[in-house]
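Asker: Dumping the structure here so I can ask a few things about it.
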Amino acid sequence: MERTIIAEGKTTNEAIEKGLKELNVSKNMVDIKVLENEEKRSFFSILAPRVVKVKLTVKEVNKVHSDYVKKDVKEVVLSKVEQQKAKENVEIFLDQFLKKIQNNVDSHFSVSVSDIGLNVDLTGNNVGFLIGYRGETLYAFQSVLSAIAGKGIDNKVRVILDIQGYKDKRKKALEDLAEKLAKTVVKTKKSVTLEPMQAYERKIIHSKLQDNNFVETRSIGEDPRRKVVISLKKR
């Protein structure tokens with residue numbers, strides 16, 4: 001069902017901002033039509049309060065959000081030689097890296113190969129700092145490892161990194177949060193907007209609540225400030 005509202009303000013921009021706030025979406029997600037322009041005022045209305053009306057229509061509303069929909073992208077399959085080369089690249093780098101950080105003697109890593117890339121696990125007493133706030137450092141380090149893995153290889157190498165089992169713990173925390181906030185939305189009948197998240201984490205929220213009978217999810221904004229919104233389903 002199409003979502004449309006009429007918003008008012010003293011100027012066009014003010015009316016648009018009010019409408020965006022009410023819809024809880026970004027400007028690029030709506031079609032905007034000015035119904036009453038501040039420039040078009042008759043002589044008889046010159047003393048009346050200035051009001052601009054705009055019509056905002058959300059371009060696309062879908063219960064299955066684009067963050068959750070699997071994209072039809074063909075994964076690049078690596079040859080056995082490429083897989084082995086990528087593994088060696090990462091193993092050599094991590095071996096040297098872990099020896100240098102904080103006199104690290106208790107850290108360990110394992111690298112496993114697949115047709116499309118590598119899975120890397122780091123464990124130890126002195127690697128927690130590589131996780132960072134909400135995994136920001138982990139994802140940045142994962143990108144570094146992807147670049148290192150692809151050295152001397154024509155195809156892109158996908159690296160999935162986990163540190164101290166962080167991703168499983170974070171997934172459980174996000175699923176619990178999703179359930180808690182869904183109950184809050186049902187109780188208060190008000191939408192809830194989460195803080196900005198990685199795409200991987202937004203998918204966890206969407207997936208957890210996709211079969212919920214009372215709430216739905218969508219994402220708003222642009223990366224890296226993209227957020228999940230949980231709201232009541234339209235009846």
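By convention in this document, the chains of the structure tokens carry letters A, B, ... by their order, each chain's residues are numbered from 1, and ligands are numbered from 1 in the order they are shown.
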From a DSSP calculation on the backbone, collect every residue of chain A in strand (DSSP E or B) and output the set as a count of residues only.

Answerer: 53

Asker: Near Asp31 in chain A, within 10 Å and counting only C-alpha atoms, which residues show up once chain neighbours fewer than 5 positions away are dropped, as JSON, numbers by chain?

Answerer: {"A": [4, 55, 56, 57, 58, 59, 60]}

Asker: Please tabulate, as JSON lines, the residues of range 156-206 of chain A that come within 8 Å of range 100-124 of chain A, each with its closest pair of atoms and the distance in Å to one decimal, counting only C-alpha atoms and ordering rows by chain, then residue number upward.

Answerer:
{"residue": "A:Val157", "atom": "CA", "partner": "A:Gly117", "partner_atom": "CA", "distance": 5.0}
{"residue": "A:Arg158", "atom": "CA", "partner": "A:Gly117", "partner_atom": "CA", "distance": 4.5}
{"residue": "A:Val159", "atom": "CA", "partner": "A:Leu118", "partner_atom": "CA", "distance": 4.8}
{"residue": "A:Ile160", "atom": "CA", "partner": "A:Asn119", "partner_atom": "CA", "distance": 4.8}
{"residue": "A:Leu161", "atom": "CA", "partner": "A:Val120", "partner_atom": "CA", "distance": 4.8}
{"residue": "A:Asp162", "atom": "CA", "partner": "A:Asp121", "partner_atom": "CA", "distance": 5.0}
{"residue": "A:Ile163", "atom": "CA", "partner": "A:Leu122", "partner_atom": "CA", "distance": 4.7}
{"residue": "A:Gln164", "atom": "CA", "partner": "A:Thr123", "partner_atom": "CA", "distance": 5.0}

Asker: Pick from A:Ala178, A:Val34, A:Ile148, A:Val229: nearest to Lys87 in chain A, with only C-alpha atoms counted?

Answerer: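 Ranked by minimum distance to Lys87 in chain A, first place goes to A:Ile148.
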
Asker: Do a neighbour search on Lys172 in chain A at 12 Å with only C-alpha atoms, toss out local chain neighbours closer than 4 positions, and write the hits as a PDB file with all heavy atoms, in the first residue's frame.

Answerer:
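Saved result, around-v5.pdb, follows:
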ATOM      1  N   GLY A 165      35.099 -15.392  18.565  1.00  0.00           N
ATOM      2  CA  GLY A 165      33.688 -15.747  18.461  1.00  0.00           C
ATOM      3  C   GLY A 165      32.756 -14.554  18.561  1.00  0.00           C
ATOM      4  O   GLY A 165      31.570 -14.694  18.891  1.00  0.00           O
ATOM      5  N   TYR A 166      33.263 -13.364  18.215  1.00  0.00           N
ATOM      6  CA  TYR A 166      32.474 -12.137  18.356  1.00  0.00           C
ATOM      7  C   TYR A 166      31.176 -12.168  17.559  1.00  0.00           C
ATOM      8  O   TYR A 166      30.118 -11.759  18.046  1.00  0.00           O
ATOM      9  CB  TYR A 166      33.311 -10.930  17.917  1.00  0.00           C
ATOM     10  CG  TYR A 166      32.501  -9.660  17.765  1.00  0.00           C
ATOM     11  CD1 TYR A 166      32.183  -8.880  18.869  1.00  0.00           C
ATOM     12  CD2 TYR A 166      32.019  -9.256  16.510  1.00  0.00           C
ATOM     13  CE1 TYR A 166      31.419  -7.729  18.733  1.00  0.00           C
ATOM     14  CE2 TYR A 166      31.261  -8.111  16.369  1.00  0.00           C
ATOM     15  CZ  TYR A 166      30.972  -7.345  17.483  1.00  0.00           C
ATOM     16  OH  TYR A 166      30.206  -6.217  17.340  1.00  0.00           O
ATOM     17  N   LYS A 167      31.220 -12.653  16.320  1.00  0.00           N
ATOM     18  CA  LYS A 167      30.056 -12.566  15.448  1.00  0.00           C
ATOM     19  C   LYS A 167      28.879 -13.386  15.963  1.00  0.00           C
ATOM     20  O   LYS A 167      27.718 -12.959  15.868  1.00  0.00           O
ATOM     21  CB  LYS A 167      30.434 -12.975  14.020  1.00  0.00           C
ATOM     22  CG  LYS A 167      31.257 -11.917  13.299  1.00  0.00           C
ATOM     23  CD  LYS A 167      31.526 -12.286  11.853  1.00  0.00           C
ATOM     24  CE  LYS A 167      32.257 -11.160  11.129  1.00  0.00           C
ATOM     25  NZ  LYS A 167      32.575 -11.505   9.730  1.00  0.00           N
ATOM     26  N   ASP A 168      29.157 -14.565  16.527  1.00  0.00           N
ATOM     27  CA  ASP A 168      28.073 -15.368  17.089  1.00  0.00           C
ATOM     28  C   ASP A 168      27.455 -14.666  18.300  1.00  0.00           C
ATOM     29  O   ASP A 168      26.235 -14.661  18.477  1.00  0.00           O
ATOM     30  CB  ASP A 168      28.582 -16.750  17.494  1.00  0.00           C
ATOM     31  CG  ASP A 168      28.783 -17.667  16.299  1.00  0.00           C
ATOM     32  OD1 ASP A 168      28.187 -17.393  15.236  1.00  0.00           O
ATOM     33  OD2 ASP A 168      29.531 -18.650  16.422  1.00  0.00           O
ATOM     34  N   ASP A 176      18.166 -10.859  20.306  1.00  0.00           N
ATOM     35  CA  ASP A 176      17.461 -10.558  21.558  1.00  0.00           C
ATOM     36  C   ASP A 176      16.945  -9.123  21.550  1.00  0.00           C
ATOM     37  O   ASP A 176      15.827  -8.847  21.994  1.00  0.00           O
ATOM     38  CB  ASP A 176      18.399 -10.763  22.759  1.00  0.00           C
ATOM     39  CG  ASP A 176      18.722 -12.231  22.996  1.00  0.00           C
ATOM     40  OD1 ASP A 176      18.016 -13.094  22.430  1.00  0.00           O
ATOM     41  OD2 ASP A 176      19.688 -12.513  23.729  1.00  0.00           O
ATOM     42  N   LEU A 177      17.770  -8.202  21.031  1.00  0.00           N
ATOM     43  CA  LEU A 177      17.374  -6.796  20.951  1.00  0.00           C
ATOM     44  C   LEU A 177      16.175  -6.626  20.022  1.00  0.00           C
ATOM     45  O   LEU A 177      15.237  -5.875  20.326  1.00  0.00           O
ATOM     46  CB  LEU A 177      18.545  -5.944  20.448  1.00  0.00           C
ATOM     47  CG  LEU A 177      18.266  -4.452  20.232  1.00  0.00           C
ATOM     48  CD1 LEU A 177      17.936  -3.782  21.565  1.00  0.00           C
ATOM     49  CD2 LEU A 177      19.471  -3.774  19.581  1.00  0.00           C
ATOM     50  N   ALA A 178      16.201  -7.317  18.882  1.00  0.00           N
ATOM     51  CA  ALA A 178      15.105  -7.226  17.919  1.00  0.00           C
ATOM     52  C   ALA A 178      13.783  -7.657  18.549  1.00  0.00           C
ATOM     53  O   ALA A 178      12.749  -6.991  18.383  1.00  0.00           O
ATOM     54  CB  ALA A 178      15.413  -8.089  16.696  1.00  0.00           C
ATOM     55  N   GLU A 179      13.808  -8.745  19.285  1.00  0.00           N
ATOM     56  CA  GLU A 179      12.589  -9.240  19.935  1.00  0.00           C
ATOM     57  C   GLU A 179      12.096  -8.257  20.993  1.00  0.00           C
ATOM     58  O   GLU A 179      10.893  -7.987  21.108  1.00  0.00           O
ATOM     59  CB  GLU A 179      12.852 -10.607  20.567  1.00  0.00           C
ATOM     60  CG  GLU A 179      12.984 -11.735  19.549  1.00  0.00           C
ATOM     61  CD  GLU A 179      13.036 -13.096  20.223  1.00  0.00           C
ATOM     62  OE1 GLU A 179      13.444 -13.159  21.403  1.00  0.00           O
ATOM     63  OE2 GLU A 179      12.654 -14.086  19.577  1.00  0.00           O
ATOM     64  N   GLU A 201      24.775  -6.776  10.106  1.00  0.00           N
ATOM     65  CA  GLU A 201      23.985  -6.708  11.329  1.00  0.00           C
ATOM     66  C   GLU A 201      22.534  -6.325  11.042  1.00  0.00           C
ATOM     67  O   GLU A 201      21.612  -6.806  11.698  1.00  0.00           O
ATOM     68  CB  GLU A 201      24.634  -5.727  12.304  1.00  0.00           C
ATOM     69  CG  GLU A 201      26.015  -6.181  12.760  1.00  0.00           C
ATOM     70  CD  GLU A 201      26.630  -5.284  13.815  1.00  0.00           C
ATOM     71  OE1 GLU A 201      26.231  -4.105  13.882  1.00  0.00           O
ATOM     72  OE2 GLU A 201      27.472  -5.765  14.572  1.00  0.00           O
ATOM     73  N   ILE A 204      20.534  -9.325  10.202  1.00  0.00           N
ATOM     74  CA  ILE A 204      20.155 -10.134  11.360  1.00  0.00           C
ATOM     75  C   ILE A 204      18.823  -9.655  11.926  1.00  0.00           C
ATOM     76  O   ILE A 204      17.943 -10.459  12.252  1.00  0.00           O
ATOM     77  CB  ILE A 204      21.253 -10.073  12.445  1.00  0.00           C
ATOM     78  CG1 ILE A 204      22.535 -10.758  11.946  1.00  0.00           C
ATOM     79  CG2 ILE A 204      20.780 -10.727  13.742  1.00  0.00           C
ATOM     80  CD1 ILE A 204      23.718 -10.616  12.881  1.00  0.00           C
ATOM     81  N   ILE A 205      18.668  -8.326  12.030  1.00  0.00           N
ATOM     82  CA  ILE A 205      17.418  -7.755  12.544  1.00  0.00           C
ATOM     83  C   ILE A 205      16.257  -8.075  11.598  1.00  0.00           C
ATOM     84  O   ILE A 205      15.195  -8.536  12.025  1.00  0.00           O
ATOM     85  CB  ILE A 205      17.540  -6.227  12.712  1.00  0.00           C
ATOM     86  CG1 ILE A 205      18.697  -5.863  13.660  1.00  0.00           C
ATOM     87  CG2 ILE A 205      16.219  -5.645  13.200  1.00  0.00           C
ATOM     88  CD1 ILE A 205      18.485  -6.266  15.081  1.00  0.00           C
ATOM     89  N   LYS A 208      15.364 -11.822  11.775  1.00  0.00           N
ATOM     90  CA  LYS A 208      14.743 -12.227  13.034  1.00  0.00           C
ATOM     91  C   LYS A 208      13.267 -11.855  13.077  1.00  0.00           C
ATOM     92  O   LYS A 208      12.443 -12.600  13.639  1.00  0.00           O
ATOM     93  CB  LYS A 208      15.477 -11.573  14.209  1.00  0.00           C
ATOM     94  CG  LYS A 208      14.951 -12.002  15.579  1.00  0.00           C
ATOM     95  CD  LYS A 208      15.170 -13.491  15.797  1.00  0.00           C
ATOM     96  CE  LYS A 208      14.670 -13.937  17.155  1.00  0.00           C
ATOM     97  NZ  LYS A 208      14.844 -15.399  17.361  1.00  0.00           N
TER      98      LYS A 208
END

Asker: Quick one: residues within 6 Å of range 18-27 of chain A, only C-alpha atoms counted, chain neighbours fewer than 5 positions away excluded, as a JSON list (two decimals) with N, CA, C and O atoms, in the first residue's frame?

Answerer:
[["chain", "number", "residue", "atom", "x", "y", "z"],
["A", 7, "ALA", "N", 2.34, 17.44, 4.32],
["A", 7, "ALA", "CA", 3.05, 18.14, 5.39],
["A", 7, "ALA", "C", 3.01, 19.64, 5.14],
["A", 7, "ALA", "O", 2.94, 20.10, 4.00],
["A", 220, "ILE", "N", 16.73, 2.80, 6.52],
["A", 220, "ILE", "CA", 16.70, 4.17, 6.01],
["A", 220, "ILE", "C", 18.11, 4.74, 6.05],
["A", 220, "ILE", "O", 18.98, 4.26, 6.78],
["A", 221, "GLY", "N", 18.32, 5.81, 5.27],
["A", 221, "GLY", "CA", 19.62, 6.48, 5.27],
["A", 221, "GLY", "C", 20.61, 5.85, 4.32],
["A", 221, "GLY", "O", 20.31, 4.88, 3.61]]

Asker: Can you measure CA of Asn89 in chain A to CA of Asn126 in chain A for me? One decimal in Å is fine.

Answerer: 22.3 Å

Asker: Based on the backbone DSSP call, show me all residues of range 53-173 of chain A assigned alpha helix (DSSP H), as a count of residues only.

Answerer: 43

Asker: Give me the residues within 8 Å of Leu130 in chain A as a JSON list (two decimals) with N, CA and C atoms, in the first residue's frame, counting only C-alpha atoms and dropping any in the same chain fewer than 4 places off.

Answerer:
[["chain", "number", "residue", "atom", "x", "y", "z"],
["A", 137, "THR", "N", 36.38, -2.16, 14.04],
["A", 137, "THR", "CA", 37.77, -2.51, 13.72],
["A", 137, "THR", "C", 37.84, -3.87, 13.05],
["A", 138, "LEU", "N", 37.03, -4.79, 13.51],
["A", 138, "LEU", "CA", 37.00, -6.15, 12.92],
["A", 138, "LEU", "C", 36.68, -6.09, 11.44],
["A", 141, "PHE", "N", 39.53, -4.58, 9.49],
["A", 141, "PHE", "CA", 40.63, -5.55, 9.38],
["A", 141, "PHE", "C", 40.26, -6.65, 8.39],
["A", 163, "ILE", "N", 36.70, -12.92, 15.34],
["A", 163, "ILE", "CA", 37.69, -12.79, 16.42],
["A", 163, "ILE", "C", 37.04, -13.14, 17.74]]

Asker: Choose the residue, out of A:Leu181, A:Ile92, A:Val52, A:Ile5, that has the smallest atom-to-atom separation from Val30 in chain A; count only C-alpha atoms.

Answerer: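 Among the listed residues, A:Ile5 lies closest to Val30 in chain A.
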
Asker: Rounded to one decimal place, report the CA of Lys169 in chain A-CA of Thr188 in chain A distance in Å.

Answerer: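 Straight-line distance from CA of Lys169 in chain A to CA of Thr188 in chain A works out to 28.6 Å.
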
Asker: Report, in Å with one decimal, the straight-line distance from CA of Glu136 in chain A to CA of Gly150 in chain A.

Answerer: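 Pair CA of Glu136 in chain A / CA of Gly150 in chain A returns 21.8 Å.
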
Asker: Pick out the residues sitting within 8 Å of range 209-215 of chain A, and hand them over as a list in words; count only C-alpha atoms, and ignore anything fewer than 3 positions along from it in its own chain.

Answerer: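 Once the nearby chain positions are removed, what remains is Val64, Ala178, Glu179, Ala182, Val185, Val186, Ile205, His206, Ile230, Ser231, Leu232 and Lys233 of chain A.
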
Asker: I'd like the neighbourhood of Lys227 in chain A as a list in words, where a residue qualifies if any of its atoms comes within 9 Å (using only C-alpha atoms), though same-chain residues fewer than 2 positions away should be ignored.

Answerer: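 So, after excluding close chain neighbours, the residues are Thr193, Leu194, Glu195, Pro196, Met197, Gln198, Arg202, Arg218, Ser219, Ile220, Gly221, Glu222, Asp223, Pro224, Arg225 and Val229 of chain A.
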
Asker: Can those selected residues be exported to a file as a PDB file, in the first residue's frame so that it contains C-alpha atoms?

Answerer:
ATOM      1  CA  THR A 193      14.862   3.489  14.949  1.00  0.00           C
ATOM      2  CA  LEU A 194      18.060   1.646  15.813  1.00  0.00           C
ATOM      3  CA  GLU A 195      21.544   3.110  15.681  1.00  0.00           C
ATOM      4  CA  PRO A 196      23.565   2.818  12.439  1.00  0.00           C
ATOM      5  CA  MET A 197      24.741  -0.731  11.714  1.00  0.00           C
ATOM      6  CA  GLN A 198      26.812  -2.750   9.304  1.00  0.00           C
ATOM      7  CA  ARG A 202      20.952  -5.104   9.688  1.00  0.00           C
ATOM      8  CA  ARG A 218      12.945  -1.396   6.799  1.00  0.00           C
ATOM      9  CA  SER A 219      16.254   0.444   6.494  1.00  0.00           C
ATOM     10  CA  ILE A 220      16.700   4.168   6.012  1.00  0.00           C
ATOM     11  CA  GLY A 221      19.619   6.481   5.267  1.00  0.00           C
ATOM     12  CA  GLU A 222      22.868   5.934   3.437  1.00  0.00           C
ATOM     13  CA  ASP A 223      25.903   3.880   4.448  1.00  0.00           C
ATOM     14  CA  PRO A 224      27.709   4.098   6.767  1.00  0.00           C
ATOM     15  CA  ARG A 225      24.821   5.731   8.695  1.00  0.00           C
ATOM     16  CA  VAL A 229      13.380   0.982  11.610  1.00  0.00           C
TER      17      VAL A 229
END
